[in-house]
Structures are given as structure tokens and as C-alpha cells.
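To keep things clear, I will list the structure first and then write my remarks on it.
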Amino acid sequence: MYTLAPLVACLAPLLWFRQAPEGSPDEPQLAAGLLQPEDPAAGAGPVAVQELHPLLTLRHIYQSAPDLSALAVGAPYLGSYPVLQLRGGRAPTVAGAPEPNSAGALFSAYLDRTRTAAVAKVLAAFTSRKKLAGAGRTIMADVKLTGQSGEYRRKVIKQGRFVGLALRSAGTRDVALSITGLGTQFSDLNPSFRLYLYHSSQPTEPLATYEVPRTSRVYFEWTPLAITLPAGPTGGEYRLGYFEDDLVGQAVDLQHDFSSRPGTGGCCGSDYLLFDAYAPHVQVRAFTATAEAGTDVLPGDGKPTYVTGSNFGLNLQLSAVCDLSDYFCRYRGLFLEALQLQLAVDLLNQMAYSTRNNGVKQDVQALALVALNNRPDAQPGLLSQLDAALGALDVDLSGVSTTCLPCTKPKGNRVGAI
């Protein structure tokens with residue numbers, strides 16, 4: 001029904017922290033990604049998290065946090081997304097990130113994880129209360145691009161390029177594509193085969209890499225995958241492929257055009273049925289792009305050249321499900337109050353039940369419990385305020401694709417006559 005990663009990227013800027021003073025022993029410096037975004041288009045909330053409640057100072061949060069050593073990693077803090085090991089040993093970096101495993105890096109990782117959890121909780125509560133489970137329905141399940149194989153005598157001549165298949169949403173609203181399987185047909189074994197995923201919005205550097213060892217040759221070898229391709233607010237095109245210089249042997253070529261409907265007989269078999277299944281949701285084209293040895297950074301603007309007579313030894317299995325991520329992102333301001341209260345509740349809960357043994361914990365533990373629960377004078381605590389905010393959260397779903405709207409049955413008795 002929604003994809004968490006892009007929604008976290010969209011909603012997280014609503015929850016930002018005010019930077020600690022430099023040199024403060026109890027308030028480490030935070031990663032830039034946790035601070036108020038400079039771009040107004042990011043839709044930052046009007047106040048910092050510290051303004052949501054007097055107890056939510058960085059000192060109180062830091063001294064009540066669990067053991068942060070479990071978050072230590074061997075690379076800079078990168079927010080909510082995994083560290084990638086890129087071609088040629090290159091590692092990605094993030095501007096403004098604290099030194100790896102410093103107090104600031106570990107504390108930033110904890111705050112980011114807590115913020116991500118708050119987003120996930122609010123979205124889960126909203127979809128449950130609005131009975132949107134039906135909006136997660138599958139509308140295309142495990143459809144292959146082709147049921148054919150290339151002739152072994154036909155092989156792709158390697159030219160040091162980056163080659164693969166480009167996928168672009170066919171314009172179906174509120175639908176997320178995913179790659180559920182990879183088929184390859186190579187002349188030799190490739191135990192270290194690696195796929196690279198790029199997007200047209202960032203065409204020269206990969207979004208992700210996938211290790212997919214190939215242990216068969218000549219015929220198509222299939223491997224399950226789980227790669228989600230959310231449409232996102234800007235649409236664009238995903239490009240999945242490999243570097244020819246990394247390939248052992250050659251790709252067996254299938255002279256097939258995935259962007260046009262094949263005939264109903266002859267060499268193409270029943271491929272027209274497969275095309276009819278995936279074409280309403282995704283446009284698929286083979287492509288080549290210039291590459292340089294030893295790096296996954298594509299030279300120039302990374303612009304591909306599309307081809308119609310080759311598959312470069314690749315076949316994909318695709319699925320499509322209803323996904324309201326982009327729709328929710330457009331209405332992100334409506335989630336602000338619930339997100340702020342959820343994060344405040346989570347941080348105060350950590351203070352109330354912290355296992356740390358220090359003076360700050362003893363000072364704030366009882367106060368945090370008072371803030372969370374209703375007072376004797378009938379003043380609602382933060383838990384009651386959060387429940388009320390979730391109940392009042394209302395996003396107009398009239399603009400959602402009818403394919404993805406949950407089924408609602410009319411209430412009351414139905415009367416008819418013959």
C-alpha cells in the first residue's frame with residue numbers, strides 16, 4: 001500500500017532537531033540530515049523537536065538513549081539507507097556527517113532510527129484506521145518479459161559498455177513496480193556477477209548494487225529478487241544492468257523488442273500475452289551507456305542509447321502493486337501533528353523506561369511518565385493527544401486511482417422487488 005523508504009525521505013524533514021552548541025559534553029553534534037532543511041520545498045515542520053515538550057532537550061534524549069555502541073559501523077552515518085560497496089572500492093559519503101563512530105555519529109543514527117520508526121508507526125496506524133488494506137492489492141504478479149531464449153550462436157560482442165534494461169512507469173497512477181526475478185543467459189559462469197541500479201534523476205551514480213552469482217551457463221538461469229521501483233514524485237526511469245568488462249564470457253543475445261507487442265505466432269510463441277500483461281504498467285527498453293574501466297560512475301551525463309534488437313542476456317520477472325506513497329507525500333503537511341506527537345511519545349517513553357544509570361535518568365523518569373499519561377485534573381497526556389491526532393488524521397482519497405481504492409460495501413439493509 002506504500003513504500004516506507006521514499007515516504008521516510010518525504011516525511012522525515014517535518015521532524016528536525018536544533019543543532020547542539022559546539023563543544024557541549026552532553027549534546028553531541030548532529031548530522032546535517034537531522035537539521036532543518038535549507039530548501040523550503042522539503043516542507044520542514046515549523047518548530048524543532050526540542051520545542052515539542054520541555055523534557056525533549058538533546059541532553060535528556062542523549063543521556064536516556066540505549067547503548068549506542070550497537071549502532072557503530074565502519075562508514076559515515078548515511079541516514080536511513082544502507083551503505084553500498086561500489087565498483088572499484090568506492091564508498092559513498094554524505095556532506096555534513098560526523099566522523100564515523102563518534103558520539104555525534106552514533107547519536108545521529110539513533111535519532112534517525114527513532115524518527116523513522118515514528119513515521120512507520122503513524123503510517124501503519126493511519127492505514128489501519130482508514131481500512132486501506134485493500135489499497136495494497138497486487139495488480140500484476142510475477143510476469144516475465146519473455147518466455148523465449150536466445151540462440152547460443154548469437155552472442156553480444158563486448159565493447160566496454162554499461163548495458164541493461166530501462167523501466168519507466170506507463171503512467172498508471174498509484175502503482176509501484178517491483179522486480180521479483182532475474183533471468184540471465186550467458187556463455188560462461190559468473191560467480192561474481194553484479195547488477196547496478198541507476199535512475200534518470202541521478203544518471204551517473206548507482207542507487208544500489210546487487211550481488212547475483214550466476215552458476216549456470218548457456219540456458220536462462222533464474223534467481224528471485226526483491227527490488228522495489230517506486231514511481232516517486234518525479235517519475236523518471238530506472239536502469240538496471242551490468243558492466244560488460246565485468247562479465248566473464250559473453251551474453252547470449254535474444255533479438256527481441258520489449259517495447260512493442262510481438263506477433264501472435266511464429267518464433268515469439270505466447271509472448272504477446274506477457275506483453276499485454278506488463279505493458280499497461282511499465283515500458284521496457286534495452287539500452288547501452290558509455291562506461292569507464294574501474295568505476296561505476298558513468299562518464300558525461302550518463303545518457304543511454306536505446307536499442308530494439310537485443311536483451312543483453314537479461315530477462316526480468318515483474319510485479320505491480322497499488323502504492324499510495326506519492327499520494328501521501330503530496331499531503332505530508334496533514335501528517336505533521338501526528339508525527340510530532342508520535343516522536344515525542346517515543347522519546348519520552350525511552351526516558352521513562354530507560355535502563356541507563358545516571359543522574360539525568362533519575363531527574364526525568366518520573367516527569368516523563370507524568371507527561372505521557374492523563375493528569376488528575378483531566379488534562380490529557382501526550383498518549384491521549386496522539387490517539388486523538390491519529391483519529392482526526394484525514395487524507396482525501398478521492399484522487400486515488402479507482403483500481404487502488406479499498407472496496408467499501410454500502411451500509412444498512414437493501415430492499416428490492418421483482
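By order in the C-alpha cells, chains are A, B, ...; within a chain, residues start at 1; ligands start at 1, following the order shown.
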
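Around region 221-224 of chain A, within 6 Å and counting only C-alpha atoms, the residues found are Thr180, Gly181, Leu182, Gly183 and Thr184 of chain A, once anything fewer than 5 positions away on its own chain is removed.
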
Query raised in the report: Mind checking DSSP for region 141-278 of chain A and telling me the alpha helix (DSSP H) residues as a ChimeraX atom specification?
Result: /A:271-278

Output file for the residues above (N, CA, C and O atoms, as a short mmCIF file (atom, residue, chain, number, x, y, z; two decimals), in the first residue's frame):
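Now in result27.cif:
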```cif
data_model
loop_
_atom_site.label_atom_id
_atom_site.label_comp_id
_atom_site.auth_asym_id
_atom_site.auth_seq_id
_atom_site.Cartn_x
_atom_site.Cartn_y
_atom_site.Cartn_z
N ASP A 271 4.41 -14.78 -26.27
CA ASP A 271 4.96 -13.57 -25.67
C ASP A 271 4.00 -12.39 -25.75
O ASP A 271 4.10 -11.45 -24.94
N TYR A 272 3.10 -12.40 -26.70
CA TYR A 272 2.15 -11.29 -26.78
C TYR A 272 1.26 -11.23 -25.54
O TYR A 272 0.81 -10.16 -25.13
N LEU A 273 0.99 -12.39 -24.93
CA LEU A 273 0.20 -12.39 -23.69
C LEU A 273 0.99 -11.77 -22.53
O LEU A 273 0.42 -11.05 -21.70
N LEU A 274 2.30 -12.04 -22.49
CA LEU A 274 3.14 -11.43 -21.46
C LEU A 274 3.20 -9.92 -21.67
O LEU A 274 3.10 -9.15 -20.70
N PHE A 275 3.36 -9.50 -22.93
CA PHE A 275 3.40 -8.06 -23.22
C PHE A 275 2.10 -7.39 -22.80
O PHE A 275 2.10 -6.31 -22.21
N ASP A 276 0.97 -8.02 -23.11
CA ASP A 276 -0.33 -7.45 -22.74
C ASP A 276 -0.49 -7.33 -21.23
O ASP A 276 -1.25 -6.49 -20.74
N ALA A 277 0.24 -8.18 -20.47
CA ALA A 277 0.14 -8.13 -19.01
C ALA A 277 0.99 -7.00 -18.42
O ALA A 277 0.56 -6.31 -17.50
N TYR A 278 2.22 -6.79 -18.96
CA TYR A 278 3.08 -5.78 -18.32
C TYR A 278 3.02 -4.41 -18.99
O TYR A 278 3.26 -3.38 -18.33
#
```

So that I can check the surroundings of Asp246 (chain A), please list as a PDB file with N, CA and C atoms, in the first residue's frame every protein, DNA and RNA residue that reaches within 9 Å of it, counting only C-alpha atoms and ignoring chain neighbours fewer than 5 positions away.
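And here is the file that came out, result06.pdb:
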```pdb
ATOM      1  N   GLY A 160      32.906  -2.774 -23.681  1.00  0.00           N
ATOM      2  CA  GLY A 160      33.246  -1.959 -22.520  1.00  0.00           C
ATOM      3  C   GLY A 160      32.146  -1.022 -22.077  1.00  0.00           C
ATOM      4  N   SER A 192      30.686 -13.937  -9.652  1.00  0.00           N
ATOM      5  CA  SER A 192      30.756 -12.616  -9.026  1.00  0.00           C
ATOM      6  C   SER A 192      29.904 -11.594  -9.773  1.00  0.00           C
ATOM      7  N   PHE A 193      28.851 -12.064 -10.426  1.00  0.00           N
ATOM      8  CA  PHE A 193      28.028 -11.161 -11.228  1.00  0.00           C
ATOM      9  C   PHE A 193      27.340 -10.136 -10.334  1.00  0.00           C
ATOM     10  N   ARG A 194      27.350  -8.883 -10.783  1.00  0.00           N
ATOM     11  CA  ARG A 194      26.768  -7.794 -10.004  1.00  0.00           C
ATOM     12  C   ARG A 194      25.890  -6.929 -10.900  1.00  0.00           C
TER      13      ARG A 194
END
```

**Report entry** Shell of 12 Å around Leu68 (chain A), only C-alpha atoms, local chain residues under 2 positions omitted, as a ChimeraX atom specification
**Finding:** /A:62-66,70-73,101-111,113,356

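You will find CA of Tyr242 (chain A) at 6.4 Å from CA of Gly164 (chain A).
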
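Using only C-alpha atoms, the contacts of Thr138 (chain A) at a cut-off of 7 Å, with sequence neighbours closer than 4 positions omitted, comprise Ala320, Val321 and Cys322 of chain A.
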
**Report entry** Among listed residues A:Ser69, A:Thr127, A:Ser178, A:Gln19, nearest Leu318 (chain A) (using only C-alpha atoms)
**Finding:** A:Ser178

Query raised in the report: Quick one: residues within 9 Å of region 349-352 of chain A, only C-alpha atoms counted, chain neighbours fewer than 4 positions away excluded, as an MDAnalysis selection string?
Result: chainID A and resid 60:61 63:66 344:345 361 364:369 372

Go ahead and dump the residues you just picked, all heavy atoms, as a CSV table (one decimal), in the first residue's frame.
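File part_15.csv, as written:
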```
chain,number,residue,atom,x,y,z
A,60,HIS,N,18.8,15.5,27.6
A,60,HIS,CA,17.9,14.4,28.2
A,60,HIS,C,17.8,13.2,27.2
A,60,HIS,O,17.8,12.1,27.7
A,60,HIS,CB,16.5,15.0,28.4
A,60,HIS,CG,16.5,16.0,29.5
A,60,HIS,ND1,15.4,16.9,29.7
A,60,HIS,CD2,17.3,16.2,30.6
A,60,HIS,CE1,15.6,17.6,30.8
A,60,HIS,NE2,16.8,17.2,31.3
A,61,ILE,N,17.6,13.5,25.9
A,61,ILE,CA,17.5,12.4,25.0
A,61,ILE,C,18.8,11.6,24.9
A,61,ILE,O,18.7,10.3,24.9
A,61,ILE,CB,17.2,12.9,23.6
A,61,ILE,CG1,15.8,13.7,23.6
A,61,ILE,CG2,17.1,11.8,22.6
A,61,ILE,CD1,15.5,14.4,22.3
A,63,GLN,N,21.2,11.3,27.2
A,63,GLN,CA,21.5,10.5,28.5
A,63,GLN,C,20.5,9.4,28.8
A,63,GLN,O,20.8,8.5,29.6
A,63,GLN,CB,21.5,11.5,29.7
A,63,GLN,CG,22.7,12.6,29.6
A,63,GLN,CD,24.0,11.9,29.7
A,63,GLN,OE1,24.2,10.9,30.3
A,63,GLN,NE2,25.0,12.5,29.1
A,64,SER,N,19.4,9.4,28.1
A,64,SER,CA,18.4,8.4,28.3
A,64,SER,C,18.4,7.3,27.2
A,64,SER,O,17.7,6.3,27.3
A,64,SER,CB,17.0,9.0,28.3
A,64,SER,OG,16.8,10.0,29.4
A,65,ALA,N,19.2,7.6,26.1
A,65,ALA,CA,19.2,6.7,25.0
A,65,ALA,C,19.8,5.3,25.4
A,65,ALA,O,20.6,5.2,26.4
A,65,ALA,CB,20.0,7.3,23.9
A,66,PRO,N,19.4,4.3,24.7
A,66,PRO,CA,20.0,3.0,25.0
A,66,PRO,C,21.5,2.9,24.6
A,66,PRO,O,22.0,3.9,24.1
A,66,PRO,CB,19.2,2.0,24.1
A,66,PRO,CG,18.6,2.8,23.0
A,66,PRO,CD,18.4,4.2,23.6
A,344,ALA,N,7.5,12.5,19.9
A,344,ALA,CA,7.6,13.0,21.3
A,344,ALA,C,7.2,11.8,22.3
A,344,ALA,O,7.9,11.6,23.3
A,344,ALA,CB,6.6,14.1,21.6
A,345,VAL,N,6.2,11.1,22.0
A,345,VAL,CA,5.8,9.9,22.8
A,345,VAL,C,6.9,8.9,22.9
A,345,VAL,O,7.3,8.4,23.9
A,345,VAL,CB,4.5,9.3,22.3
A,345,VAL,CG1,4.3,7.9,22.9
A,345,VAL,CG2,3.3,10.2,22.7
A,361,LYS,N,18.7,10.4,34.1
A,361,LYS,CA,17.6,9.5,34.1
A,361,LYS,C,16.7,9.6,35.4
A,361,LYS,O,15.5,9.7,35.3
A,361,LYS,CB,18.1,8.1,34.0
A,361,LYS,CG,17.0,7.0,34.1
A,361,LYS,CD,17.5,5.7,34.5
A,361,LYS,CE,16.4,4.7,34.9
A,361,LYS,NZ,16.9,3.4,35.4
A,364,VAL,N,14.5,12.8,35.1
A,364,VAL,CA,13.4,13.0,34.1
A,364,VAL,C,12.5,11.8,34.1
A,364,VAL,O,11.4,11.9,33.5
A,364,VAL,CB,14.0,13.2,32.7
A,364,VAL,CG1,14.9,14.4,32.7
A,364,VAL,CG2,14.7,12.0,32.2
A,365,GLN,N,12.8,10.7,34.7
A,365,GLN,CA,12.0,9.5,34.6
A,365,GLN,C,10.5,9.7,35.0
A,365,GLN,O,9.6,9.5,34.3
A,365,GLN,CB,12.6,8.3,35.4
A,365,GLN,CG,11.9,7.0,35.1
A,365,GLN,CD,12.7,5.8,35.7
A,365,GLN,OE1,13.2,6.0,36.8
A,365,GLN,NE2,12.8,4.7,35.0
A,366,ALA,N,10.4,10.2,36.2
A,366,ALA,CA,9.0,10.5,36.7
A,366,ALA,C,8.3,11.5,36.0
A,366,ALA,O,7.1,11.5,35.7
A,366,ALA,CB,9.1,10.8,38.2
A,367,LEU,N,9.0,12.6,35.6
A,367,LEU,CA,8.4,13.7,34.8
A,367,LEU,C,7.9,13.2,33.4
A,367,LEU,O,6.9,13.6,32.9
A,367,LEU,CB,9.4,14.8,34.6
A,367,LEU,CG,9.8,15.5,35.9
A,367,LEU,CD1,10.9,16.5,35.6
A,367,LEU,CD2,8.6,16.2,36.5
A,368,ALA,N,8.7,12.3,32.8
A,368,ALA,CA,8.3,11.7,31.5
A,368,ALA,C,7.0,10.9,31.6
A,368,ALA,O,6.1,11.0,30.8
A,368,ALA,CB,9.4,10.8,30.9
A,369,LEU,N,6.9,10.2,32.7
A,369,LEU,CA,5.6,9.4,32.9
A,369,LEU,C,4.4,10.3,33.1
A,369,LEU,O,3.3,10.1,32.6
A,369,LEU,CB,5.8,8.5,34.1
A,369,LEU,CG,6.6,7.2,33.9
A,369,LEU,CD1,6.9,6.5,35.3
A,369,LEU,CD2,5.9,6.3,33.0
A,372,LEU,N,3.3,11.7,29.7
A,372,LEU,CA,2.7,10.7,28.8
A,372,LEU,C,1.2,10.5,29.2
A,372,LEU,O,0.4,10.3,28.3
A,372,LEU,CB,3.5,9.4,28.8
A,372,LEU,CG,4.9,9.5,28.1
A,372,LEU,CD1,5.7,8.2,28.5
A,372,LEU,CD2,4.7,9.6,26.6
```

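For the pair CA of Pro299 (chain A) and CA of Leu165 (chain A), the interatomic distance is 18.7 Å.
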
Query - Distance of CA of Pro37 (chain A) from CA of Arg18 (chain A), expressed in Å to one decimal place - result: 11.0 Å
